[in-house]
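S.K.: The file below is run_5.tsv, TSV, C-alpha atoms and all ligand atoms:
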chain	number	residue	atom	x	y	z
A	2	MET	CA	-50.47	-21.19	7.04
A	3	ASN	CA	-47.35	-20.01	8.76
A	4	ARG	CA	-46.21	-22.30	11.54
A	5	LYS	CA	-43.39	-20.01	12.57
A	6	TYR	CA	-45.65	-17.36	14.04
A	7	ARG	CA	-48.94	-19.07	14.84
A	8	LYS	CA	-50.69	-22.34	15.56
A	9	THR	CA	-52.28	-24.43	12.84
A	10	ILE	CA	-55.64	-25.69	14.05
A	11	ILE	CA	-57.81	-28.37	12.50
A	12	ALA	CA	-61.12	-28.14	14.30
A	13	GLY	CA	-64.30	-30.09	13.79
A	14	ASN	CA	-67.68	-28.55	14.52
A	15	TRP	CA	-70.01	-31.44	15.07
A	16	LYS	CA	-73.08	-29.19	15.41
A	17	MET	CA	-76.08	-31.24	16.68
A	18	ASN	CA	-74.68	-34.61	15.67
A	19	LYS	CA	-73.61	-37.80	17.47
A	20	THR	CA	-74.68	-39.18	20.83
A	21	ALA	CA	-72.19	-39.85	23.61
A	22	SER	CA	-71.95	-43.52	22.57
A	23	GLU	CA	-71.41	-42.57	18.94
A	24	THR	CA	-68.73	-40.14	20.09
A	25	ALA	CA	-66.92	-42.92	21.95
A	26	ALA	CA	-67.13	-45.20	18.90
A	27	PHE	CA	-65.69	-42.39	16.74
A	28	ALA	CA	-62.84	-41.91	19.25
A	29	ASN	CA	-61.95	-45.59	19.26
A	30	GLU	CA	-61.94	-45.68	15.49
A	31	ILE	CA	-59.91	-42.54	14.88
A	32	LYS	CA	-57.26	-42.90	17.61
A	33	PRO	CA	-55.08	-45.45	15.78
A	34	MET	CA	-55.47	-43.48	12.51
A	35	LEU	CA	-54.02	-40.20	13.79
A	36	PRO	CA	-50.52	-39.11	12.79
A	37	LYS	CA	-48.07	-39.22	15.72
A	38	ASN	CA	-46.76	-35.68	15.19
A	39	PRO	CA	-49.35	-33.76	13.20
A	40	GLY	CA	-47.76	-30.37	13.85
A	41	CYS	CA	-51.19	-28.89	14.37
A	42	GLU	CA	-53.73	-28.56	17.12
A	43	MET	CA	-56.54	-31.10	16.60
A	44	LEU	CA	-59.89	-30.22	18.06
A	45	LEU	CA	-63.46	-31.47	18.02
A	46	CYS	CA	-66.20	-29.12	19.18
A	47	MET	CA	-69.41	-30.83	20.20
A	48	PRO	CA	-72.64	-30.44	22.17
A	49	ALA	CA	-71.78	-29.69	25.81
A	50	VAL	CA	-73.66	-32.73	27.09
A	51	ASN	CA	-71.24	-35.05	25.27
A	52	ILE	CA	-68.01	-33.37	26.35
A	53	PRO	CA	-67.23	-35.46	29.47
A	54	ALA	CA	-67.78	-38.73	27.57
A	55	ALA	CA	-65.61	-37.44	24.74
A	56	GLN	CA	-62.80	-36.39	27.07
A	57	LYS	CA	-62.80	-39.91	28.48
A	58	ALA	CA	-62.97	-41.58	25.08
A	59	PHE	CA	-60.21	-39.43	23.52
A	60	LYS	CA	-57.83	-39.84	26.48
A	61	GLY	CA	-54.38	-40.76	25.26
A	62	SER	CA	-54.88	-39.01	21.91
A	63	LYS	CA	-53.89	-35.46	21.04
A	64	ILE	CA	-57.42	-34.48	20.04
A	65	ARG	CA	-58.83	-31.80	22.28
A	66	ILE	CA	-62.53	-31.37	22.97
A	67	GLY	CA	-64.20	-28.00	22.66
A	68	ALA	CA	-67.68	-26.50	23.00
A	69	GLU	CA	-69.95	-25.04	20.32
A	70	THR	CA	-71.34	-22.09	22.25
A	71	MET	CA	-71.63	-20.54	25.71
A	72	HIS	CA	-73.50	-17.73	27.43
A	73	TYR	CA	-71.83	-14.46	28.31
A	74	GLU	CA	-73.13	-14.31	31.88
A	75	ALA	CA	-71.32	-16.24	34.60
A	76	SER	CA	-74.54	-17.68	36.06
A	77	GLY	CA	-78.22	-16.90	36.43
A	78	ALA	CA	-81.69	-17.43	35.04
A	79	PHE	CA	-80.79	-18.50	31.48
A	80	THR	CA	-82.56	-21.81	31.01
A	81	GLY	CA	-80.68	-24.24	28.83
A	82	GLU	CA	-77.48	-22.23	28.64
A	83	VAL	CA	-73.91	-23.10	29.57
A	84	ALA	CA	-71.50	-20.64	31.22
A	85	ALA	CA	-67.80	-20.24	30.47
A	86	GLY	CA	-66.89	-21.30	34.00
A	87	MET	CA	-68.80	-24.55	33.56
A	88	LEU	CA	-66.67	-25.32	30.52
A	89	THR	CA	-63.32	-24.50	32.14
A	90	ASP	CA	-64.31	-26.48	35.24
A	91	ILE	CA	-64.44	-29.65	33.16
A	92	GLY	CA	-61.17	-28.84	31.39
A	93	VAL	CA	-62.45	-27.29	28.15
A	94	LYS	CA	-60.12	-24.81	26.48
A	95	TYR	CA	-61.84	-23.89	23.20
A	96	VAL	CA	-65.32	-22.61	22.47
A	97	ILE	CA	-66.89	-21.62	19.15
A	98	ILE	CA	-68.58	-18.24	19.34
A	99	GLY	CA	-70.96	-16.57	16.90
A	100	HIS	CA	-71.35	-19.39	14.41
A	101	SER	CA	-73.66	-18.26	11.62
A	102	GLU	CA	-76.20	-20.90	12.69
A	103	ARG	CA	-76.28	-19.35	16.16
A	104	ARG	CA	-76.73	-15.94	14.57
A	105	GLN	CA	-79.46	-17.20	12.23
A	106	TYR	CA	-81.48	-19.41	14.58
A	107	TYR	CA	-80.73	-18.09	18.09
A	108	GLY	CA	-80.57	-14.37	17.58
A	109	GLU	CA	-76.85	-13.89	18.23
A	110	THR	CA	-75.58	-10.54	17.05
A	111	ASP	CA	-72.18	-8.92	16.72
A	112	LEU	CA	-72.82	-7.29	20.09
A	113	THR	CA	-73.62	-10.53	21.91
A	114	VAL	CA	-70.64	-12.12	20.18
A	115	ASN	CA	-68.48	-9.37	21.67
A	116	LYS	CA	-69.89	-10.04	25.15
A	117	LYS	CA	-69.20	-13.74	24.73
A	118	VAL	CA	-65.63	-13.12	23.58
A	119	ARG	CA	-65.10	-11.00	26.70
A	120	ALA	CA	-66.57	-13.69	28.96
A	121	ALA	CA	-64.56	-16.46	27.29
A	122	LEU	CA	-61.28	-14.59	27.64
A	123	ASP	CA	-62.02	-13.66	31.25
A	124	ALA	CA	-62.61	-17.34	32.00
A	125	GLY	CA	-59.37	-18.37	30.27
A	126	LEU	CA	-61.06	-19.96	27.25
A	127	THR	CA	-59.86	-19.53	23.67
A	128	PRO	CA	-62.82	-18.30	21.63
A	129	ILE	CA	-63.07	-19.36	17.99
A	130	VAL	CA	-64.94	-16.36	16.64
A	131	CYS	CA	-66.93	-17.01	13.47
A	132	VAL	CA	-67.51	-14.33	10.88
A	133	GLY	CA	-68.72	-14.49	7.30
A	134	GLU	CA	-70.95	-13.00	4.65
A	135	SER	CA	-74.10	-14.30	2.98
A	136	LEU	CA	-74.27	-14.82	-0.77
A	137	GLU	CA	-76.40	-11.70	-1.07
A	138	GLN	CA	-73.81	-9.61	0.76
A	139	ARG	CA	-71.00	-11.02	-1.40
A	140	GLU	CA	-72.93	-10.20	-4.54
A	141	LEU	CA	-73.58	-6.67	-3.30
A	142	GLY	CA	-69.81	-6.27	-2.98
A	143	VAL	CA	-69.83	-5.47	0.74
A	144	THR	CA	-67.86	-8.50	1.98
A	145	ASP	CA	-64.78	-6.53	3.09
A	146	GLU	CA	-66.78	-3.87	4.91
A	147	LEU	CA	-69.05	-6.41	6.57
A	148	LEU	CA	-66.17	-8.62	7.70
A	149	ALA	CA	-64.30	-5.61	9.06
A	150	TYR	CA	-67.39	-4.62	11.04
A	151	GLN	CA	-67.94	-8.16	12.35
A	152	VAL	CA	-64.32	-8.62	13.38
A	153	MET	CA	-63.90	-5.18	14.96
A	154	THR	CA	-67.18	-5.46	16.88
A	155	ALA	CA	-66.41	-8.98	18.11
A	156	LEU	CA	-62.97	-7.84	19.28
A	157	SER	CA	-63.96	-4.51	20.74
A	158	GLY	CA	-62.23	-4.08	24.11
A	159	VAL	CA	-59.87	-6.99	23.50
A	160	SER	CA	-56.22	-6.09	24.18
A	161	SER	CA	-53.33	-7.12	21.93
A	162	GLN	CA	-52.19	-9.51	24.63
A	163	GLU	CA	-55.64	-11.10	24.73
A	164	LEU	CA	-55.92	-11.21	20.97
A	165	ARG	CA	-53.16	-13.82	20.92
A	166	HIS	CA	-55.66	-16.11	22.65
A	167	VAL	CA	-58.39	-15.55	20.08
A	168	VAL	CA	-58.92	-17.66	16.97
A	169	ILE	CA	-60.92	-16.25	14.06
A	170	ALA	CA	-62.84	-18.47	11.67
A	171	TYR	CA	-63.89	-17.07	8.32
A	172	GLU	CA	-67.00	-18.99	7.28
A	173	PRO	CA	-68.84	-17.65	4.26
A	174	ILE	CA	-72.47	-18.57	4.92
A	175	TRP	CA	-73.01	-19.62	1.31
A	176	ALA	CA	-70.30	-22.25	1.67
A	177	ILE	CA	-71.58	-23.86	4.88
A	178	GLY	CA	-73.11	-27.28	4.33
A	179	THR	CA	-73.64	-26.55	0.65
A	180	GLY	CA	-70.67	-28.42	-0.84
A	181	LYS	CA	-69.79	-25.08	-2.43
A	182	THR	CA	-66.37	-24.15	-1.05
A	183	ALA	CA	-64.85	-20.73	-1.46
A	184	THR	CA	-61.92	-20.98	-3.85
A	185	SER	CA	-58.56	-20.91	-2.14
A	186	GLU	CA	-58.05	-17.42	-3.63
A	187	GLN	CA	-61.37	-16.12	-2.29
A	188	ALA	CA	-60.69	-17.58	1.15
A	189	GLN	CA	-57.12	-16.27	1.20
A	190	GLU	CA	-58.24	-12.81	0.19
A	191	VAL	CA	-60.67	-12.50	3.09
A	192	CYS	CA	-58.34	-14.13	5.64
A	193	GLY	CA	-55.52	-11.85	4.46
A	194	ASN	CA	-57.80	-8.82	4.81
A	195	ILE	CA	-58.68	-9.85	8.35
A	196	ARG	CA	-54.98	-10.06	9.22
A	197	THR	CA	-54.35	-6.64	7.68
A	198	LEU	CA	-57.19	-5.28	9.79
A	199	LEU	CA	-55.63	-6.76	12.95
A	200	ARG	CA	-52.30	-5.25	11.98
A	201	LYS	CA	-53.90	-1.82	11.68
A	202	SER	CA	-56.00	-2.08	14.83
A	203	ASN	CA	-53.19	-3.62	16.87
A	204	ASP	CA	-49.69	-4.24	15.51
A	205	ALA	CA	-47.85	-6.53	13.11
A	206	ARG	CA	-46.52	-8.91	15.76
A	207	THR	CA	-49.96	-9.46	17.22
A	208	ALA	CA	-51.60	-9.84	13.80
A	209	ARG	CA	-49.13	-12.49	12.72
A	210	ALA	CA	-49.71	-14.47	15.93
A	211	VAL	CA	-53.46	-14.90	15.41
A	212	SER	CA	-54.68	-18.13	13.81
A	213	ILE	CA	-57.31	-17.52	11.16
A	214	LEU	CA	-59.26	-20.59	10.04
A	215	TYR	CA	-61.41	-21.18	7.00
A	216	GLY	CA	-64.74	-22.99	7.27
A	217	GLY	CA	-67.39	-23.92	4.72
A	218	SER	CA	-67.46	-27.27	2.94
A	219	MET	CA	-63.80	-27.95	3.66
A	220	ASN	CA	-63.26	-31.63	2.93
A	221	ALA	CA	-60.68	-34.33	2.31
A	222	LYS	CA	-60.35	-33.25	-1.33
A	223	ASN	CA	-60.02	-29.47	-1.07
A	224	ALA	CA	-58.26	-29.09	2.30
A	225	ALA	CA	-54.68	-29.26	1.01
A	226	GLU	CA	-55.18	-26.41	-1.43
A	227	LEU	CA	-56.89	-24.15	1.12
A	228	LEU	CA	-54.32	-24.89	3.83
A	229	ARG	CA	-51.44	-23.97	1.55
A	230	MET	CA	-52.62	-20.36	1.52
A	231	PRO	CA	-50.43	-18.07	3.65
A	232	ASP	CA	-53.21	-16.59	5.80
A	233	ILE	CA	-55.31	-19.73	6.26
A	234	ASP	CA	-54.09	-21.36	9.45
A	235	GLY	CA	-56.44	-24.28	9.59
A	236	GLY	CA	-60.03	-25.28	9.17
A	237	LEU	CA	-63.34	-25.32	11.00
A	238	ILE	CA	-64.96	-28.36	9.52
A	239	GLY	CA	-68.58	-29.45	9.77
A	240	GLY	CA	-69.73	-32.45	7.74
A	241	ALA	CA	-66.29	-33.87	6.96
A	242	SER	CA	-65.31	-33.90	10.65
A	243	LEU	CA	-68.03	-36.47	11.35
A	244	LYS	CA	-66.21	-39.11	9.33
A	245	THR	CA	-62.96	-40.48	10.74
A	246	ALA	CA	-61.21	-41.05	7.39
A	247	ASP	CA	-62.06	-37.57	6.08
A	248	PHE	CA	-61.03	-35.80	9.27
A	249	VAL	CA	-57.73	-37.68	9.35
A	250	THR	CA	-57.08	-36.81	5.69
A	251	ILE	CA	-57.58	-33.12	6.51
A	252	ILE	CA	-55.20	-33.38	9.48
A	253	GLU	CA	-52.65	-35.08	7.22
A	254	ALA	CA	-53.10	-32.33	4.63
A	255	ALA	CA	-52.25	-29.75	7.31
A	256	ALA	CA	-49.26	-31.81	8.43
A	257	ALA	CA	-47.98	-31.99	4.85
A	258	VAL	CA	-47.93	-28.22	4.31
A	259	GLU	CA	-44.40	-26.92	4.89
A	260	ALA	CA	-43.39	-30.41	6.07
B	301	LIG	P1	-69.52	-27.69	6.62
B	301	LIG	O1	-68.07	-28.11	6.67
B	301	LIG	O2	-70.46	-28.83	6.83
B	301	LIG	O3	-69.83	-26.86	5.44
B	301	LIG	O4	-69.75	-26.74	7.91
B	301	LIG	C1	-68.87	-25.72	8.12
B	301	LIG	C2	-69.15	-25.12	9.43
B	301	LIG	O5	-70.20	-24.55	9.65
B	301	LIG	C3	-68.13	-25.27	10.48
B	301	LIG	O6	-68.41	-24.47	11.58
What is this file in structure tokens?
M.R.:
Amino acid sequence: MNRKYRKTIIAGNWKMNKTASETAAFANEIKPMLPKNPGCEMLLCMPAVNIPAAQKAFKGSKIRIGAETMHYEASGAFTGEVAAGMLTDIGVKYVIIGHSERRQYYGETDLTVNKKVRAALDAGLTPIVCVGESLEQRELGVTDELLAYQVMTALSGVSSQELRHVVIAYEPIWAIGTGKTATSEQAQEVCGNIRTLLRKSNDARTARAVSILYGGSMNAKNAAELLRMPDIDGGLIGGASLKTADFVTIIEAAAAVEA
């Protein structure tokens, strides 16, 4: 990470876990455990239905509440969906877009991800755009090309000014929920390549201002090593963000880098 040029972000992705009451219990437990000045943005992304309860429960703490997905249209006949304006209206600032589970189970593609990034930025949200390769793609040796395609498609039509309000999360699919983390070298290599790509497609000042997170079995044990890497500006954490002690340890690991 590099705090001089960009934000460090420790973000949880709760996926389809915890009820509103469990969320409140988690908030009450974690609040006294949080460092006073973590030096990073702390965020928990959760199912939209639980966001208002979470905002209430986390009041007085520095943890922000984000969403896990949104639709790209502003309104209309899209049963079950949530629009960007609905999120901003209740004070949400961050939204995860294009998580590999959304791509796998709900048919999201690089093109719909691009539409969602556009809609999020237009609404004033910060999209956390997820990209990553499968094990098969890594073994075929096409990781760099695939990631370049995913990133460039997601960001098509996004200006340099807007790019400063975009967060990218590199999440190798083979590392998600498997306990099999990318090594810090593997993760750094891809995150570094993404930054180089942003430098080429935009400019050096913009590229160095974009936070690039790593996600995929990041936990209390391996976080410090991953977060020490120069182009890894935080984590998008699934399983370990559901446990207060583990999430706090990861936040502390981020706080300790360059401290
Ligand atoms: P795990 O941390 O459970 O592997 O999940 C990572 C993830 O998908 C975060 O978005």
S.K.: For chain A versus ligand LIG 301 (chain B), which residues have an atom no more than 6 Å away, and what is each residue's nearest atom pair and distance in Å rounded to one decimal, using all atoms listed in the file, chain-then-number order, as a tab-separated table?
M.R.:
residue	atom	partner	partner_atom	distance
A:Asn14	CA	B:LIG301	O6	5.1
A:Ala176	CA	B:LIG301	O3	6.0
A:Ile177	CA	B:LIG301	O3	3.5
A:Gly178	CA	B:LIG301	O3	3.5
A:Gly216	CA	B:LIG301	C1	5.0
A:Gly217	CA	B:LIG301	O3	3.9
A:Ser218	CA	B:LIG301	O3	3.5
A:Met219	CA	B:LIG301	O1	5.2
A:Leu237	CA	B:LIG301	C3	4.8
A:Ile238	CA	B:LIG301	O1	4.2
A:Gly239	CA	B:LIG301	O1	3.4
A:Gly240	CA	B:LIG301	O2	3.8
S.K.: Pick from A:Met17, A:Ala120, A:Ala210, A:Ala49: nearest to Lys5 (chain A), with all atoms listed in the file counted?
M.R.: A:Ala210
S.K.: Could you check which of A:Leu45, A:Val143, A:Ala188, A:Leu122 is closest to Val159 (chain A), using all atoms listed in the file?
M.R.: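 Counting all atoms listed in the file, the residue closest to Val159 (chain A) is A:Leu122.
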S.K.: When you look at Arg7 (chain A) with a cut-off of 9 Å (counting all atoms listed in the file), what residues show up, excluding the ones that are within fewer than 5 positions of it in the same chain? I need them as a PyMOL selection string.
M.R.: chain A and resi 2+209-212+234
S.K.: Could you list, as a list of chain:residue names, every residue within 10 Å of Ser242 (chain A), counting only C-alpha atoms and ignoring same-chain residues fewer than 5 positions away?
M.R.: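 Once the nearby chain positions are removed, what remains is A:Ile11, A:Ala12, A:Gly13, A:Asn14, A:Trp15, A:Leu44, A:Leu45, A:Cys46, A:Met219, A:Asn220, A:Ala221, A:Leu237, A:Asp247, A:Phe248, A:Val249, A:Ile251.
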S.K.: Tell me, as a ChimeraX atom specification, which residues lie within 8 Å of region 90-100 of chain A, counting only C-alpha atoms; anything in the same chain fewer than 6 positions away does not count.
M.R.: /A:46,53,66-71,109-111,114,117-118,121,125-132
S.K.: Mind dumping the selected residues with C-alpha atoms as a JSON list (two decimals), in the coordinates of the input?
M.R.:
[["chain", "number", "residue", "atom", "x", "y", "z"],
["A", 46, "CYS", "CA", -66.20, -29.12, 19.18],
["A", 53, "PRO", "CA", -67.23, -35.46, 29.47],
["A", 66, "ILE", "CA", -62.53, -31.37, 22.97],
["A", 67, "GLY", "CA", -64.20, -28.00, 22.66],
["A", 68, "ALA", "CA", -67.68, -26.50, 23.00],
["A", 69, "GLU", "CA", -69.95, -25.04, 20.32],
["A", 70, "THR", "CA", -71.34, -22.09, 22.25],
["A", 71, "MET", "CA", -71.63, -20.54, 25.71],
["A", 109, "GLU", "CA", -76.85, -13.89, 18.23],
["A", 110, "THR", "CA", -75.58, -10.54, 17.05],
["A", 111, "ASP", "CA", -72.18, -8.92, 16.72],
["A", 114, "VAL", "CA", -70.64, -12.12, 20.18],
["A", 117, "LYS", "CA", -69.20, -13.74, 24.73],
["A", 118, "VAL", "CA", -65.63, -13.12, 23.58],
["A", 121, "ALA", "CA", -64.56, -16.46, 27.29],
["A", 125, "GLY", "CA", -59.37, -18.37, 30.27],
["A", 126, "LEU", "CA", -61.06, -19.96, 27.25],
["A", 127, "THR", "CA", -59.86, -19.53, 23.67],
["A", 128, "PRO", "CA", -62.82, -18.30, 21.63],
["A", 129, "ILE", "CA", -63.07, -19.36, 17.99],
["A", 130, "VAL", "CA", -64.94, -16.36, 16.64],
["A", 131, "CYS", "CA", -66.93, -17.01, 13.47],
["A", 132, "VAL", "CA", -67.51, -14.33, 10.88]]
S.K.: Looking at all atoms listed in the file, which of A:Leu199, A:Leu214, A:Ala54, A:Leu141 is the one that sits closest to Glu172 (chain A)?
M.R.: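 Of A:Leu199, A:Leu214, A:Ala54, A:Leu141, the one nearest Glu172 (chain A) is A:Leu214, counting all atoms listed in the file.
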S.K.: Return the single residue from A:Ala205, A:Ala155, A:Ile252, A:Met43 that is closest to Ala224 (chain A), with distances computed using only C-alpha atoms.
M.R.: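 The closest residue to Ala224 (chain A) is A:Ile252.
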S.K.: What's the 6 Å shell around Ile10 (chain A), counting all atoms listed in the file, without same-chain residues fewer than 4 positions away, as a list of chain:residue names?
M.R.: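 Close residues of Ile10 (chain A): A:Cys41, A:Glu42, A:Gly235.
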S.K.: I want to know what sits within 9 Å of Lys19 (chain A), based on only C-alpha atoms, with residues of the same chain fewer than 4 positions away left out; could you give that as a count of residues only?
M.R.: 7
S.K.: Please determine, counting only C-alpha atoms, which residue among A:Val167, A:Arg65, A:Ile52, A:Arg139 has the shortest atom-to-atom distance to Leu88 (chain A).
M.R.: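 Closest to Leu88 (chain A) of all the choices is A:Ile52.
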